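Take a look at the structure below.
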Amino acid sequence: MRIGVFGGTFDPLHNGHLMIALEVRHRLALDRMLLVVANDPWQKAHTTIAPAAVRLELVTDAVERVNERMGVRALEASDLEIRRGGTTYTADTLATLRREAPEDELFLLIGSDTAAGLDSWKRTDEIRAAATTVVVDRGGREGGRPPQGWDHVVVDVPVMEVSSSDLRERFATGAPVEALIPPTVIDGIRRHGLYHSA
Ligand code: ATP
């Protein structure tokens with residue numbers, strides 16, 4: 001099987017995440033696309049993030065709706081990193097997936113803003129050996145590519161200039177979010193009182 005591994009903080013999940021997951025799954029003919037919700041992302045240690053269980057709940061609700069609409073299990077919310085607990089390292093996640101199904105081919109999906117910084121990740125040799133890196137361009141930060149030594153493929157996707165940080169700000173200030181984020185995620189954010197939402 002060809003498995004897409006799309007890790008993120010998803011604080012919160014937005015339409016940009018769903019769009020790239022669906023596009024890459026389609027373009028690379030992947031059998032599964034996992035949205036792996038980070039437990040405790042070390043890159044975001046300086047910020048306060050919503051509880052992992054809540055971020056997972058919102059991702060799960062959103063992908064269920066997408067799958068219902070498509071009539072296939074296009075996307076899957078993965079709690080693998082939350083179950084493992086502690087600081088989240090992609091190398092550990094890929095190692096677990098490899099161990100569970102050694103014959104699977106793994107594709108690690110990242111945005112162009114993240115790609116250039118890949119060398120700062122932990123145990124990069126293991127990551128490079130375990131998966132093919134797939135880069136998509138991100139609005140406002142196009143052209144970021146992995147450093148030398150990272151075999152990667154670039155998938156062209158429609159550029160959507162949406163980010164979780166902008167959305168958190170929008171919830172706090174009452175700016176419109178309805179075209180940027182799935183309705184179930186908006187409901188969940190209000191239900192859990194996240195991001196100082198009204
Ligand atoms: P924040 O604004 O809080 O940093 P984010 O919107 O970047 O959050 P993450 O969950 O941190 O969301 O992102 C997970 C992955 O998704 C990263 O690889 C990131 O580059 C990619 N990504 C997020 N939003 C987009 C987008 N609009 N287009 C392309 N890639 C994106």
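Residues are named by chain letter and number: chains run A, B, ... in the order of the structure tokens, numbers start at 1 in each chain, and ligands are numbered from 1 in the order shown.
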
_Residues near Asp92 in chain A, cut-off 9 Å, only C-alpha atoms, skip fewer than 5 positions along chain, as a PyMOL selection string_ = chain A and resi 81+97+127

Kindly save the residues from that selection, with N, CA, C and O atoms included, as a compact mmCIF listing (two decimals), in the first residue's frame.
```
# COMPACT_ATOMS: atom_id res chain seq x y z
N GLU A 81 0.41 9.56 17.35
CA GLU A 81 1.38 10.37 18.13
C GLU A 81 0.82 10.72 19.50
O GLU A 81 1.58 10.88 20.46
N LEU A 97 5.02 3.15 11.81
CA LEU A 97 4.28 2.72 10.61
C LEU A 97 5.05 1.66 9.84
O LEU A 97 4.48 0.70 9.33
N ILE A 127 14.32 9.55 8.80
CA ILE A 127 13.15 10.07 8.07
C ILE A 127 13.35 9.87 6.57
O ILE A 127 12.46 9.38 5.86
```

*Contacts of Arg128 in chain A at 12 Å or less, counting only C-alpha atoms, minus same-chain residues fewer than 2 places along, as a PyMOL selection string?*
chain A and resi 90-91+94-95+106-108+118-119+121-126+130-134+146-152

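With only C-alpha atoms and all ligand atoms as the atoms that count, the set of residues no farther than 6 Å from ligand 1 is Gly7, Gly8, Thr9, Phe10, Gly16, His17, Ile110, Gly111, Ser112, Asp113, Thr114, Val136, Asp137, Arg138, Met160, Glu161, Val162, Ser163, Ser164 and Ser165 of chain A.
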
*With a distance cut-off of 10 Å and only C-alpha atoms, select the neighbouring residues of Arg84 in chain A, excluding the residue or stretch itself and same-chain residues fewer than 3 positions from it, and output the selection as a list in words.*
Asn39, Asp79, Leu80, Glu81, Thr87, Thr88, Asp92, Thr93 and Thr96 of chain A

Save the residues we just selected, C-alpha atoms, as a PDB file, in the first residue's frame?
```pdb
ATOM      1  CA  ASN A  39       0.798  15.342  20.569  1.00  0.00           C
ATOM      2  CA  ASP A  79      -4.029   9.308  17.016  1.00  0.00           C
ATOM      3  CA  LEU A  80      -0.705   7.472  16.776  1.00  0.00           C
ATOM      4  CA  GLU A  81       1.376  10.374  18.127  1.00  0.00           C
ATOM      5  CA  THR A  87       7.248  15.188  22.510  1.00  0.00           C
ATOM      6  CA  THR A  88       6.336  14.393  18.932  1.00  0.00           C
ATOM      7  CA  ASP A  92       9.217   7.854  15.672  1.00  0.00           C
ATOM      8  CA  THR A  93       5.941   7.999  13.760  1.00  0.00           C
ATOM      9  CA  THR A  96       6.003   2.801  13.992  1.00  0.00           C
TER      10      THR A  96
END
```

*Once DSSP has gone over the backbone, tell me which residues of chain A are in alpha helix (DSSP H), as a PyMOL selection string.*
chain A and resi 15-27+52-70+80-84+90-100+112-115+124-130+164-173+183-192

*Have a look at CA of Asp61 in chain A and CA of Val24 in chain A and let me know their distance in Å, one decimal.*
20.6 Å
